[in-house]
Amino acid sequence: MKTKKKEIAEMKTKCLVFILLVSLLLSSCGSIGASRPSEESHDIIESETGRFLPVSPMISENRISVYRHHLNVYFTLSETGIYSITRNDNGTFAVYCDKHADQFVRVCSRPDCTHTDANCDAFLDDSSYPPLGYYKGKLYYIKRGQASIITTVGGESYGIAPAELWEMDTDGRNKRLVTTCWEEGENIIGYMGITYTNGYVDGVFVKVDENGTTEYVHRYTSLDHPGIFLETEASKQFSPGDFFSNGDILHSDGDTIIVQDSVIRLNPQKADNREYFSLYAWDPIENSLRYIGDRPYTQGYFGEKTAYIVEEGIVKQWNYQSYTDIALFDTGIKTSVSLDVFPDCLVVSDTYLYKDLLNDMWKPEDVKNATLRFYDWNYTFLGECQLSFDKEQPQYGNYIFGETEDRILLVKDGFAKKPDYYIEKSDFVSGKITLHEYHYPETDSLE
């Protein structure tokens with residue numbers, strides 16, 4: 001008979017797989033609008049490398065301290081560079097790479113440190129739950145509590161301690177406990193799906209009642225005024241219950257935090273072949289929701305004012321109010337692809353999903369490579385690059401780890417907690433896009 005701890009561990013693993021598969025699920029395509037897209041004014045801006053690219057006014061250029069659409073939750077960007085985590089036999093460490101470099105280093109700045117054990121300022125210990133958050137010059141992370149509280153749930157006794165939110169300087173010093181995430185005595189046995197954005201931290205907490213039944217609850221706190229995490233309005237209205245992702249933060253569109261009601265619904269205006277999720281703007285100060293519109297159950301970018309989707313290789317703009325789309329351009333690709341959208345480019349990537357008719361689910365194929373194709377906001381093809389894998393393995397199409405003003409960061413595996421490669425956007429000028437490898441401290445695991 002499984003113990004409750006084993007059940008929770010298995011549940012977390014299944015949840016991660018489910019998140020990646022559902023985020024890439026492709027629905028049946030709808031009709032393409034016959035009219036041409038409205039003309040958008042694409043400003044031309046100069047980056048730090050001296051490039052000039054058209055920039056969409058519909059996509060926020062706010063990159064710091066926000067969780068951005070479809071990027072890896074472990075991607076943490078500051079004004080100067082990228083933070084992430086690595087693990088080895090000695091524990092978990094925070095690492096940093098300047099935004100113009102390719103070498104990650106542990107955040108410890110002590111010259112006498114070997115950076116290999118718990119004495120290192122970058123050491124976070126194995127009870128830390130990724131990702132890191134960055135806000136106003138500080139790094140944040142959540143870890144298991146140290147005090148043991150014996151609680152009886154469903155006839156079993158547990159040593160349950162409230163998880164803790166910690167803060168540290170960007171060089172790993174001055175670690176301090178900011179707040180516990182819940183009150184002592186609450187029947188919370190775990191947490192997952194931690195998201196840092198716009199000065200807030202949100203997480204999914206697993207509650208167990210006296211009968212041993214689990215329930216998922218979204219809670220959050222402000223990093224400016226941290227305290228015991230409060231239940232979000234999305235959690236109250238959407239009732240995550242046994243569906244952990246309901247009420248998740250989809251991403252931040254500038255200053256607007258967008259959450260999703262993940263209960264599939266049909267078009268209320270007319271019968272069509274699409275299924276939909278509802279999007280809301282969440283105000284964490286008032287803890288209130290404002291309805292944005294319904295998005296189709298397909299791959300794409302879903303902002304506050306507009307959305308972009310890809311179906312059968314055609315990139316389209318979605319209208320929330322009319323439930324219609326307008327074709328922007330045809331990539332000519334007829335296999336499964338995903339779409340990523342940035343202020344100065346769009347990326348169409350292979351996903352290699354096949355339909356499991358028996359279980360009515362999209363599942364990943366075993367592949368050896370994947371191609372990523374880049375376009376500017378005039379829908380001009382800029383070039384492509386290919387990721388190659390050492391052996392056939394299931395890939396989930398989530399190859400883009402993060403994005404900066406001058407780079408796009410890539411991973412070979414959607415489960416990765418740090419990037420493998422990057423490309424320079426300056427390569428878009430020549431069309432010859434080169435993969436550059438990131439490097440890590442030698443003793444760190446690359447799992």
# chains A, B, ... in the order shown; residues from 1 in each chain; ligands from 1
$ select_by_dssp --residues "region 191-352 of chain A" --states "helix (DSSP H, G or I)" --output "PDB file with N, CA and C atoms, in the first residue's frame"
ATOM      1  N   GLU A 233      -8.527  35.105  -5.771  1.00  0.00           N
ATOM      2  CA  GLU A 233      -9.921  35.144  -6.199  1.00  0.00           C
ATOM      3  C   GLU A 233     -10.186  34.091  -7.274  1.00  0.00           C
ATOM      4  N   ALA A 234      -9.166  33.828  -8.114  1.00  0.00           N
ATOM      5  CA  ALA A 234      -9.332  32.785  -9.134  1.00  0.00           C
ATOM      6  C   ALA A 234      -9.556  31.430  -8.494  1.00  0.00           C
ATOM      7  N   SER A 235      -8.837  31.163  -7.407  1.00  0.00           N
ATOM      8  CA  SER A 235      -9.003  29.896  -6.710  1.00  0.00           C
ATOM      9  C   SER A 235     -10.401  29.782  -6.124  1.00  0.00           C
ATOM     10  N   LYS A 236     -10.931  30.892  -5.612  1.00  0.00           N
ATOM     11  CA  LYS A 236     -12.272  30.870  -5.036  1.00  0.00           C
ATOM     12  C   LYS A 236     -13.339  30.675  -6.107  1.00  0.00           C
ATOM     13  N   GLN A 237     -13.192  31.391  -7.228  1.00  0.00           N
ATOM     14  CA  GLN A 237     -14.229  31.347  -8.259  1.00  0.00           C
ATOM     15  C   GLN A 237     -14.162  30.093  -9.123  1.00  0.00           C
ATOM     16  N   PHE A 238     -12.928  29.651  -9.442  1.00  0.00           N
ATOM     17  CA  PHE A 238     -12.788  28.542 -10.365  1.00  0.00           C
ATOM     18  C   PHE A 238     -12.749  27.197  -9.668  1.00  0.00           C
TER      19      PHE A 238
END
$ select_by_dssp --residues "region 257-422 of chain A" --states "strand (DSSP E)" --output "CSV table (one decimal) with N, CA and C atoms, in the first residue's frame"
chain,number,residue,atom,x,y,z
A,257,ILE,N,-1.7,40.9,-14.9
A,257,ILE,CA,-1.5,39.4,-14.6
A,257,ILE,C,-2.7,38.7,-15.2
A,258,ILE,N,-2.5,37.7,-16.1
A,258,ILE,CA,-3.6,37.0,-16.7
A,258,ILE,C,-3.7,35.6,-16.1
A,259,VAL,N,-4.9,35.3,-15.7
A,259,VAL,CA,-5.1,33.9,-15.1
A,259,VAL,C,-6.2,33.2,-16.0
A,260,GLN,N,-6.2,31.9,-15.9
A,260,GLN,CA,-7.0,31.1,-16.8
A,260,GLN,C,-7.9,30.2,-16.1
A,261,ASP,N,-9.2,30.2,-16.5
A,261,ASP,CA,-10.2,29.2,-16.0
A,261,ASP,C,-10.0,28.0,-17.0
A,262,SER,N,-9.4,26.9,-16.5
A,262,SER,CA,-9.1,25.8,-17.4
A,262,SER,C,-10.2,24.8,-17.6
A,263,VAL,N,-11.4,25.1,-17.3
A,263,VAL,CA,-12.5,24.3,-17.6
A,263,VAL,C,-12.9,24.5,-19.0
A,264,ILE,N,-12.9,23.5,-19.8
A,264,ILE,CA,-13.2,23.6,-21.3
A,264,ILE,C,-14.7,24.0,-21.5
A,265,ARG,N,-14.9,25.0,-22.3
A,265,ARG,CA,-16.2,25.4,-22.6
A,265,ARG,C,-16.4,25.6,-24.1
A,276,TYR,N,-12.8,26.1,-25.7
A,276,TYR,CA,-12.3,27.4,-25.2
A,276,TYR,C,-11.9,27.3,-23.7
A,277,PHE,N,-11.0,28.2,-23.4
A,277,PHE,CA,-10.7,28.5,-22.0
A,277,PHE,C,-11.0,30.0,-21.8
A,278,SER,N,-11.4,30.4,-20.6
A,278,SER,CA,-11.7,31.8,-20.3
A,278,SER,C,-10.5,32.5,-19.6
A,279,LEU,N,-10.2,33.7,-20.0
A,279,LEU,CA,-9.1,34.4,-19.5
A,279,LEU,C,-9.6,35.6,-18.7
A,280,TYR,N,-8.9,35.9,-17.6
A,280,TYR,CA,-9.2,37.1,-16.7
A,280,TYR,C,-8.0,37.8,-16.3
A,281,ALA,N,-8.1,39.1,-16.2
A,281,ALA,CA,-7.0,40.0,-15.6
A,281,ALA,C,-7.2,40.0,-14.1
A,282,TRP,N,-6.1,39.6,-13.4
A,282,TRP,CA,-6.2,39.5,-11.9
A,282,TRP,C,-5.5,40.7,-11.3
A,283,ASP,N,-6.2,41.4,-10.4
A,283,ASP,CA,-5.6,42.5,-9.7
A,283,ASP,C,-5.3,42.0,-8.3
A,288,SER,N,-9.1,40.8,-7.2
A,288,SER,CA,-10.3,40.8,-8.0
A,288,SER,C,-10.0,40.4,-9.4
A,289,LEU,N,-11.0,39.9,-10.2
A,289,LEU,CA,-10.9,39.5,-11.5
A,289,LEU,C,-11.7,40.3,-12.5
A,290,ARG,N,-11.1,40.5,-13.7
A,290,ARG,CA,-11.9,41.2,-14.8
A,290,ARG,C,-11.8,40.3,-16.0
A,291,TYR,N,-13.0,40.0,-16.6
A,291,TYR,CA,-13.0,39.1,-17.7
A,291,TYR,C,-12.4,39.7,-19.0
A,292,ILE,N,-11.5,39.0,-19.6
A,292,ILE,CA,-10.9,39.4,-20.9
A,292,ILE,C,-11.6,38.8,-22.1
A,293,GLY,N,-11.8,37.5,-22.1
A,293,GLY,CA,-12.4,36.9,-23.2
A,293,GLY,C,-12.0,35.4,-23.2
A,294,ASP,N,-12.5,34.7,-24.2
A,294,ASP,CA,-12.2,33.2,-24.3
A,294,ASP,C,-11.2,33.0,-25.4
A,295,ARG,N,-10.3,32.1,-25.1
A,295,ARG,CA,-9.2,31.8,-26.0
A,295,ARG,C,-9.4,30.3,-26.5
A,296,PRO,N,-9.1,30.1,-27.8
A,296,PRO,CA,-9.3,28.7,-28.3
A,296,PRO,C,-8.3,27.8,-27.7
A,300,GLY,N,-0.5,29.0,-28.9
A,300,GLY,CA,-0.3,30.4,-29.2
A,300,GLY,C,0.0,31.3,-28.1
A,301,TYR,N,-0.1,32.6,-28.3
A,301,TYR,CA,0.1,33.7,-27.3
A,301,TYR,C,-1.2,34.3,-27.0
A,302,PHE,N,-1.5,34.5,-25.7
A,302,PHE,CA,-2.8,35.1,-25.3
A,302,PHE,C,-2.6,36.3,-24.4
A,307,ALA,N,-4.5,38.2,-29.3
A,307,ALA,CA,-3.9,36.8,-29.2
A,307,ALA,C,-3.4,36.4,-30.6
A,308,TYR,N,-2.4,35.5,-30.6
A,308,TYR,CA,-1.9,34.9,-31.8
A,308,TYR,C,-1.9,33.4,-31.7
A,309,ILE,N,-2.4,32.7,-32.7
A,309,ILE,CA,-2.5,31.3,-32.6
A,309,ILE,C,-1.9,30.7,-33.9
A,310,VAL,N,-1.6,29.4,-33.9
A,310,VAL,CA,-1.1,28.7,-35.1
A,310,VAL,C,-1.9,27.4,-35.3
A,311,GLU,N,-2.5,27.3,-36.4
A,311,GLU,CA,-3.2,26.1,-36.8
A,311,GLU,C,-2.9,25.6,-38.2
A,314,ILE,N,-0.6,27.8,-40.1
A,314,ILE,CA,-1.0,29.2,-40.4
A,314,ILE,C,-1.1,30.0,-39.1
A,315,VAL,N,-0.3,31.1,-39.1
A,315,VAL,CA,-0.3,32.0,-37.9
A,315,VAL,C,-1.5,33.0,-38.1
A,316,LYS,N,-2.3,33.1,-37.0
A,316,LYS,CA,-3.5,34.0,-37.1
A,316,LYS,C,-3.5,34.9,-35.9
A,317,GLN,N,-4.3,35.9,-36.0
A,317,GLN,CA,-4.6,36.8,-34.9
A,317,GLN,C,-6.0,36.5,-34.5
A,318,TRP,N,-6.2,36.4,-33.1
A,318,TRP,CA,-7.5,36.0,-32.6
A,318,TRP,C,-8.2,37.2,-32.0
A,319,ASN,N,-9.5,37.3,-32.2
A,319,ASN,CA,-10.3,38.4,-31.7
A,319,ASN,C,-11.2,37.8,-30.5
A,324,THR,N,-13.4,35.2,-33.7
A,324,THR,CA,-12.9,34.9,-35.0
A,324,THR,C,-11.4,35.1,-35.1
A,325,ASP,N,-10.8,34.6,-36.2
A,325,ASP,CA,-9.4,34.8,-36.4
A,325,ASP,C,-9.1,35.4,-37.8
A,326,ILE,N,-8.0,36.0,-38.0
A,326,ILE,CA,-7.6,36.5,-39.2
A,326,ILE,C,-6.2,35.9,-39.6
A,327,ALA,N,-6.1,35.4,-40.7
A,327,ALA,CA,-4.8,34.8,-41.1
A,327,ALA,C,-3.8,35.8,-41.4
A,328,LEU,N,-2.6,35.7,-40.8
A,328,LEU,CA,-1.5,36.6,-40.9
A,328,LEU,C,-0.5,36.1,-42.0
A,329,PHE,N,0.0,34.9,-41.8
A,329,PHE,CA,0.8,34.3,-42.8
A,329,PHE,C,0.9,32.8,-42.7
A,330,ASP,N,1.2,32.1,-43.8
A,330,ASP,CA,1.3,30.7,-43.8
A,330,ASP,C,2.7,30.3,-43.8
A,337,VAL,N,3.1,22.2,-34.8
A,337,VAL,CA,4.1,23.2,-34.5
A,337,VAL,C,3.5,24.0,-33.3
A,338,SER,N,4.4,24.7,-32.6
A,338,SER,CA,4.0,25.6,-31.5
A,338,SER,C,4.4,27.0,-31.9
A,339,LEU,N,3.8,28.0,-31.3
A,339,LEU,CA,4.1,29.4,-31.6
A,339,LEU,C,4.5,30.2,-30.3
A,340,ASP,N,5.7,30.9,-30.4
A,340,ASP,CA,6.1,31.8,-29.4
A,340,ASP,C,6.2,33.2,-29.9
A,341,VAL,N,5.8,34.2,-29.1
A,341,VAL,CA,5.7,35.5,-29.6
A,341,VAL,C,6.5,36.5,-28.7
A,342,PHE,N,7.3,37.3,-29.3
A,342,PHE,CA,8.2,38.2,-28.6
A,342,PHE,C,8.0,39.6,-29.2
A,345,CYS,N,10.0,39.5,-32.6
A,345,CYS,CA,10.0,38.3,-33.5
A,345,CYS,C,8.9,37.3,-33.1
A,346,LEU,N,8.6,36.3,-34.0
A,346,LEU,CA,7.8,35.2,-33.7
A,346,LEU,C,8.6,34.0,-34.0
A,347,VAL,N,8.3,32.9,-33.3
A,347,VAL,CA,9.1,31.6,-33.4
A,347,VAL,C,8.1,30.5,-33.6
A,348,VAL,N,8.2,29.7,-34.7
A,348,VAL,CA,7.4,28.6,-34.9
A,348,VAL,C,8.3,27.3,-34.8
A,349,SER,N,7.9,26.4,-33.9
A,349,SER,CA,8.8,25.3,-33.5
A,349,SER,C,8.1,24.0,-33.7
A,350,ASP,N,8.8,23.0,-34.2
A,350,ASP,CA,8.3,21.6,-34.2
A,350,ASP,C,7.9,21.1,-32.8
A,353,LEU,N,3.9,16.0,-32.0
A,353,LEU,CA,2.8,15.4,-31.2
A,353,LEU,C,2.0,14.5,-32.1
A,354,TYR,N,1.6,13.3,-31.6
A,354,TYR,CA,0.7,12.5,-32.4
A,354,TYR,C,-0.5,12.2,-31.6
A,355,LYS,N,-1.6,11.9,-32.3
A,355,LYS,CA,-2.9,11.7,-31.6
A,355,LYS,C,-3.0,10.2,-31.2
A,356,ASP,N,-3.2,10.0,-29.8
A,356,ASP,CA,-3.5,8.7,-29.3
A,356,ASP,C,-5.0,8.5,-29.3
A,361,MET,N,-5.9,11.7,-26.6
A,361,MET,CA,-4.9,12.6,-26.1
A,361,MET,C,-3.8,12.8,-27.2
A,362,TRP,N,-3.2,14.0,-27.2
A,362,TRP,CA,-2.0,14.2,-28.0
A,362,TRP,C,-0.8,13.8,-27.1
A,363,LYS,N,0.1,13.0,-27.7
A,363,LYS,CA,1.3,12.6,-27.0
A,363,LYS,C,2.5,12.8,-27.9
A,364,PRO,N,3.7,13.0,-27.2
A,364,PRO,CA,4.9,13.3,-27.9
A,364,PRO,C,5.5,12.0,-28.7
A,366,ASP,N,8.9,10.1,-30.4
A,366,ASP,CA,10.3,10.0,-30.2
A,366,ASP,C,11.0,10.6,-31.4
A,367,VAL,N,11.8,11.7,-31.2
A,367,VAL,CA,12.5,12.4,-32.2
A,367,VAL,C,13.9,12.5,-32.0
A,368,LYS,N,14.7,12.9,-33.0
A,368,LYS,CA,16.1,13.1,-32.9
A,368,LYS,C,16.5,14.6,-33.1
A,369,ASN,N,15.6,15.4,-33.7
A,369,ASN,CA,15.9,16.8,-33.9
A,369,ASN,C,14.6,17.6,-34.0
A,370,ALA,N,14.7,18.9,-33.9
A,370,ALA,CA,13.6,19.8,-34.0
A,370,ALA,C,14.0,21.1,-34.6
A,371,THR,N,13.2,21.7,-35.5
A,371,THR,CA,13.6,22.9,-36.1
A,371,THR,C,12.7,24.1,-35.6
A,372,LEU,N,13.4,25.2,-35.3
A,372,LEU,CA,12.8,26.4,-34.9
A,372,LEU,C,12.9,27.5,-36.0
A,373,ARG,N,11.8,28.1,-36.4
A,373,ARG,CA,11.8,29.1,-37.5
A,373,ARG,C,11.5,30.4,-37.0
A,374,PHE,N,12.2,31.5,-37.4
A,374,PHE,CA,12.0,32.8,-36.9
A,374,PHE,C,11.5,33.8,-38.0
A,375,TYR,N,10.6,34.7,-37.5
A,375,TYR,CA,9.9,35.6,-38.4
A,375,TYR,C,9.9,37.0,-37.7
A,381,PHE,N,10.5,35.9,-43.2
A,381,PHE,CA,11.3,34.8,-42.6
A,381,PHE,C,12.7,35.2,-42.4
A,382,LEU,N,13.2,35.0,-41.1
A,382,LEU,CA,14.5,35.5,-40.7
A,382,LEU,C,15.6,34.4,-40.7
A,383,GLY,N,15.2,33.1,-40.7
A,383,GLY,CA,16.1,32.0,-40.7
A,383,GLY,C,15.6,31.0,-39.7
A,384,GLU,N,16.4,29.9,-39.6
A,384,GLU,CA,16.0,28.8,-38.7
A,384,GLU,C,17.2,28.2,-38.1
A,385,CYS,N,17.0,27.4,-37.0
A,385,CYS,CA,18.0,26.6,-36.4
A,385,CYS,C,17.5,25.2,-36.0
A,386,GLN,N,18.3,24.3,-35.8
A,386,GLN,CA,17.9,22.9,-35.5
A,386,GLN,C,18.6,22.4,-34.2
A,387,LEU,N,17.7,21.9,-33.4
A,387,LEU,CA,18.3,21.2,-32.2
A,387,LEU,C,18.4,19.8,-32.4
A,388,SER,N,19.5,19.2,-32.2
A,388,SER,CA,19.7,17.7,-32.3
A,388,SER,C,19.9,17.1,-31.0
A,389,PHE,N,19.4,15.9,-30.9
A,389,PHE,CA,19.4,15.2,-29.6
A,389,PHE,C,20.3,13.9,-29.8
A,390,ASP,N,21.0,13.5,-28.7
A,390,ASP,CA,21.9,12.4,-28.7
A,390,ASP,C,21.2,11.1,-29.0
A,391,LYS,N,20.0,11.0,-28.6
A,391,LYS,CA,19.2,9.8,-28.8
A,391,LYS,C,17.7,10.1,-28.9
A,392,GLU,N,17.0,9.2,-29.5
A,392,GLU,CA,15.5,9.5,-29.6
A,392,GLU,C,14.9,9.6,-28.2
A,393,GLN,N,14.2,10.6,-28.0
A,393,GLN,CA,13.5,10.8,-26.7
A,393,GLN,C,12.3,11.6,-26.9
A,394,PRO,N,11.3,11.5,-26.0
A,394,PRO,CA,10.1,12.2,-26.1
A,394,PRO,C,10.3,13.7,-25.9
A,400,ILE,N,11.9,26.7,-26.1
A,400,ILE,CA,12.4,28.0,-25.8
A,400,ILE,C,12.3,28.2,-24.3
A,401,PHE,N,13.5,28.4,-23.7
A,401,PHE,CA,13.6,28.5,-22.2
A,401,PHE,C,13.4,30.0,-21.8
A,402,GLY,N,13.9,30.9,-22.5
A,402,GLY,CA,13.7,32.3,-22.2
A,402,GLY,C,14.1,33.2,-23.3
A,403,GLU,N,13.9,34.6,-23.1
A,403,GLU,CA,14.2,35.5,-24.1
A,403,GLU,C,14.7,36.8,-23.5
A,407,ARG,N,18.8,38.0,-27.1
A,407,ARG,CA,19.0,36.5,-27.3
A,407,ARG,C,17.7,35.8,-27.1
A,408,ILE,N,17.7,34.6,-27.7
A,408,ILE,CA,16.6,33.6,-27.3
A,408,ILE,C,17.3,32.4,-26.8
A,409,LEU,N,16.9,31.9,-25.6
A,409,LEU,CA,17.6,30.8,-24.9
A,409,LEU,C,16.8,29.5,-25.2
A,410,LEU,N,17.5,28.4,-25.4
A,410,LEU,CA,16.9,27.2,-25.8
A,410,LEU,C,17.3,26.0,-24.9
A,421,TYR,N,21.4,26.2,-24.8
A,421,TYR,CA,21.9,27.0,-25.9
A,421,TYR,C,21.3,28.4,-25.9
A,422,TYR,N,21.9,29.3,-26.7
A,422,TYR,CA,21.2,30.5,-27.0
A,422,TYR,C,21.6,30.9,-28.5
